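Listing of upload.cif; format and content: mmCIF, C-alpha atoms.
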```cif
data_structure
#
loop_
_atom_site.label_atom_id
_atom_site.label_comp_id
_atom_site.auth_asym_id
_atom_site.auth_seq_id
_atom_site.Cartn_x
_atom_site.Cartn_y
_atom_site.Cartn_z
CA MET A 1 -44.19 -29.03 15.29
CA ILE A 2 -42.78 -25.71 16.65
CA LYS A 3 -39.73 -27.57 18.06
CA LEU A 4 -38.88 -28.73 14.55
CA PHE A 5 -39.50 -25.34 12.88
CA TYR A 6 -36.80 -23.32 14.73
CA PRO A 7 -33.89 -25.71 14.04
CA LEU A 8 -34.88 -25.87 10.36
CA LEU A 9 -35.06 -22.07 10.19
CA ALA A 10 -31.61 -21.74 11.80
CA LEU A 11 -30.16 -24.30 9.38
CA ALA A 12 -31.63 -22.44 6.39
CA LEU A 13 -30.15 -19.13 7.59
CA PHE A 14 -26.66 -20.57 8.15
CA THR A 15 -26.52 -22.17 4.70
CA GLN A 16 -27.24 -18.80 3.04
CA CYS A 17 -24.14 -17.08 4.51
CA GLN A 18 -21.40 -16.46 1.96
CA GLN A 19 -18.12 -14.64 2.14
CA ASP A 20 -17.66 -11.58 -0.03
CA GLU A 21 -14.86 -12.01 -2.52
CA SER A 22 -12.84 -8.96 -3.45
CA TYR A 23 -9.73 -8.85 -5.57
CA GLU A 24 -7.01 -6.28 -5.97
CA THR A 25 -4.67 -6.93 -8.84
CA THR A 26 -1.63 -5.20 -7.37
CA GLU A 27 -1.99 -6.14 -3.72
CA PHE A 28 0.73 -8.44 -2.43
CA LYS A 29 -0.12 -11.21 0.00
CA LYS A 30 3.41 -12.52 0.59
CA ASP A 31 6.06 -10.82 2.71
CA THR A 32 8.29 -10.18 -0.30
CA ASP A 33 7.33 -9.89 -3.96
CA ASP A 34 9.46 -9.35 -7.03
CA LEU A 35 8.54 -6.54 -9.41
CA LYS A 36 10.19 -4.88 -12.36
CA PHE A 37 11.14 -1.23 -12.06
CA GLY A 38 8.26 1.00 -13.12
CA GLN A 39 5.50 -1.37 -11.96
CA GLU A 40 2.98 -0.03 -9.46
CA ALA A 41 2.74 -1.67 -6.04
CA LEU A 42 0.46 -1.46 -3.02
CA LEU A 43 2.54 -1.84 0.10
CA GLN A 44 1.33 -1.97 3.68
CA GLN A 45 3.35 -0.99 6.74
CA TYR A 46 6.30 -3.36 7.39
CA GLY A 47 5.79 -4.98 3.99
CA GLN A 48 8.52 -5.06 1.38
CA ILE A 49 9.04 -5.56 -2.32
CA THR A 50 12.09 -6.54 -4.34
CA LEU A 51 12.61 -4.66 -7.59
CA TYR A 52 14.77 -5.73 -10.50
CA GLY A 53 15.42 -4.80 -14.10
CA GLU A 54 17.29 -6.15 -17.09
CA GLU A 55 19.92 -3.41 -17.15
CA VAL A 56 20.43 -3.29 -13.37
CA PRO A 57 22.68 -6.05 -12.02
CA ARG A 58 21.49 -5.54 -8.46
CA ARG A 59 18.08 -5.82 -6.91
CA LEU A 60 16.54 -3.07 -4.82
CA ILE A 61 14.56 -3.96 -1.71
CA VAL A 62 12.00 -1.34 -0.67
CA SER A 63 10.27 -1.68 2.69
CA LEU A 64 7.57 0.54 4.14
CA LYS A 65 8.52 1.58 7.67
CA SER A 66 5.58 3.85 8.52
CA ILE A 67 2.45 5.58 7.24
CA GLU A 68 1.19 8.76 8.90
CA ASP A 69 -2.16 10.00 7.62
CA SER A 70 -3.69 13.26 8.88
CA ARG A 71 -5.81 14.06 5.80
CA CYS A 72 -9.23 15.58 6.35
CA PRO A 73 -11.86 12.80 6.24
CA THR A 74 -14.52 12.71 3.55
CA ASP A 75 -17.63 14.84 4.25
CA VAL A 76 -15.91 16.79 7.06
CA ASN A 77 -15.02 20.49 7.00
CA CYS A 78 -11.43 20.95 8.20
CA VAL A 79 -9.24 24.00 8.65
CA THR A 80 -6.40 22.32 6.70
CA ALA A 81 -6.40 19.52 4.16
CA GLY A 82 -3.79 17.55 6.11
CA ASN A 83 -1.31 15.16 4.55
CA ALA A 84 -0.22 11.56 4.28
CA SER A 85 3.46 10.70 4.53
CA VAL A 86 5.32 7.43 4.19
CA LEU A 87 8.82 6.46 5.30
CA LEU A 88 10.56 3.96 3.03
CA ARG A 89 13.85 2.14 3.43
CA ALA A 90 15.61 1.22 0.20
CA SER A 91 18.45 -1.33 0.33
CA ASN A 92 20.64 -2.74 -2.41
CA SER A 93 22.46 -6.08 -2.53
CA HIS A 94 25.66 -4.47 -1.19
CA GLY A 95 24.00 -3.54 2.10
CA VAL A 96 23.60 0.17 1.36
CA ASN A 97 20.44 1.56 3.00
CA GLU A 98 18.68 4.87 2.40
CA ASN A 99 15.60 6.31 4.14
CA ILE A 100 13.16 8.09 1.85
CA THR A 101 10.21 10.20 3.02
CA LEU A 102 7.36 10.97 0.62
CA CYS A 103 4.36 13.21 1.37
CA ILE A 104 1.08 13.97 -0.40
CA GLY A 105 -1.52 16.57 0.50
CA ASP A 106 -0.65 19.78 2.36
CA CYS A 107 2.97 19.08 3.24
CA GLY A 108 3.88 22.64 4.13
CA THR A 109 6.20 23.28 1.19
CA ASP A 110 4.17 24.34 -1.85
CA ALA A 111 0.54 23.87 -2.80
CA ALA A 112 -1.14 20.60 -1.88
CA ARG A 113 0.01 17.77 -4.14
CA GLU A 114 -1.68 14.56 -5.22
CA THR A 115 1.57 12.70 -5.91
CA HIS A 116 5.13 13.14 -4.71
CA THR A 117 8.25 12.11 -6.62
CA ILE A 118 11.79 12.21 -5.30
CA GLU A 119 15.10 11.09 -6.78
CA ALA A 120 17.49 9.28 -4.46
CA ALA A 121 20.69 7.31 -4.84
CA VAL A 122 21.09 3.94 -3.16
CA GLY A 123 24.77 3.18 -3.44
CA ASP A 124 25.94 4.23 -6.90
CA VAL A 125 22.55 3.82 -8.64
CA SER A 126 19.89 6.55 -8.78
CA TYR A 127 16.18 5.81 -8.53
CA LYS A 128 12.94 7.77 -8.78
CA PHE A 129 10.40 7.03 -6.01
CA THR A 130 6.78 8.14 -6.56
CA LEU A 131 4.01 8.06 -3.98
CA LYS A 132 0.75 7.98 -5.95
CA GLY A 133 -1.60 7.67 -2.99
CA VAL A 134 -2.41 6.23 0.41
CA ARG A 135 -5.51 4.06 0.58
CA PRO A 136 -8.11 4.01 1.92
CA TYR A 137 -8.81 7.73 2.18
CA PRO A 138 -9.85 8.77 5.72
CA GLY A 139 -13.59 8.50 6.16
CA GLN A 140 -13.83 5.85 3.45
CA ALA A 141 -12.13 3.12 5.47
CA HIS A 142 -13.84 -0.17 5.82
CA GLU A 143 -13.57 -1.55 9.32
CA GLY A 144 -10.34 -3.48 9.72
CA GLU A 145 -8.88 -2.39 6.37
CA VAL A 146 -5.13 -1.82 6.50
CA GLN A 147 -3.67 1.35 5.00
CA LYS A 148 -1.48 0.84 1.96
CA ALA A 149 0.85 3.09 0.02
CA GLN A 150 0.61 3.11 -3.76
CA LEU A 151 4.22 3.31 -5.03
CA VAL A 152 6.22 3.27 -8.25
CA VAL A 153 10.01 2.95 -8.26
CA GLU A 154 12.01 3.57 -11.43
CA LYS A 155 15.73 3.27 -12.14
CA LEU A 156 17.30 6.41 -13.61
#
```
Re-express the file's structure as structure tokens.
Amino acid sequence: MIKLFYPLLALALFTQCQQDESYETTEFKKDTDDLKFGQEALLQQYGQITLYGEEVPRRLIVSLKSIEDSRCPTDVNCVTAGNASVLLRASNSHGVNENITLCIGDCGTDAARETHTIEAAVGDVSYKFTLKGVRPYPGQAHEGEVQKAQLVVEKL
């Protein structure tokens, strides 16, 4: 009777395992996704998005080259708040490339900032790049979770 009990117990335990399902509405699973200017995107390192708009004849390809995050983790007392910076590469359909660096937190210029916006020209068109955040925040990371930059790109 005991020989039959353990296999049945193991079978019952295995059938109760389920995967957790989590959804993020703006996370992109493909290598390249098309967005309209002004839409928010979550972009992980080496990922890219293609942006377009009705009044812009060309598309803008934005790729995330690197994320550097030295922010003070949650529930830790630090001497400085630290910062998170991202390096973007913006390319238009004519092959013009521009590197754009955005930084949030204590970036050494002014007071610590929660978002960073910069205007940059790629070719003959000007754009506004906004870094709204880098997720997850240090100390809140789930094991194996990839850092992502929360970006908005607008055509000026």
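Neighbours of Asn83 (chain A) closer than or equal to 7 Å, with only C-alpha atoms counted and sequence neighbours fewer than 5 positions away skipped, come out as Asp69, Ser70, Arg71, Cys103, Ile104, Gly105, Asp106 and Cys107 of chain A.
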Evaluate the PyMOL selection byres ((chain A and resi 72-81) around 6) and record the selected residues as a list of chain:residue names, following the chain and residue labels used in the document.
A:Arg71, A:Gly82, A:Pro138, A:Gly139
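Counting only C-alpha atoms and comparing A:Gln48, A:Thr101, A:Asn92, A:Thr130, the residue that lies closest to Ile67 (chain A) is A:Thr101.
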Put a box with edges along x, y and z around all the listed atoms of region 109-121 of chain A, pad it by 3 Å on each side, then give me its centre and sizes in Å, one decimal, as AutoDock Vina command-line options.
```
--center_x 9.5 --center_y 15.8 --center_z -2.8 --size_x 28.4 --size_y 23.0 --size_z 14.0
```
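Close to (-1.9, -0.6, 2.5), meaning no more than 8 Å away when counting only C-alpha atoms, sit the residues Leu42, Leu43, Gln44, Gln45, Val134, Arg135, Pro136, Val146, Gln147, Lys148, Ala149 and Gln150 of chain A.
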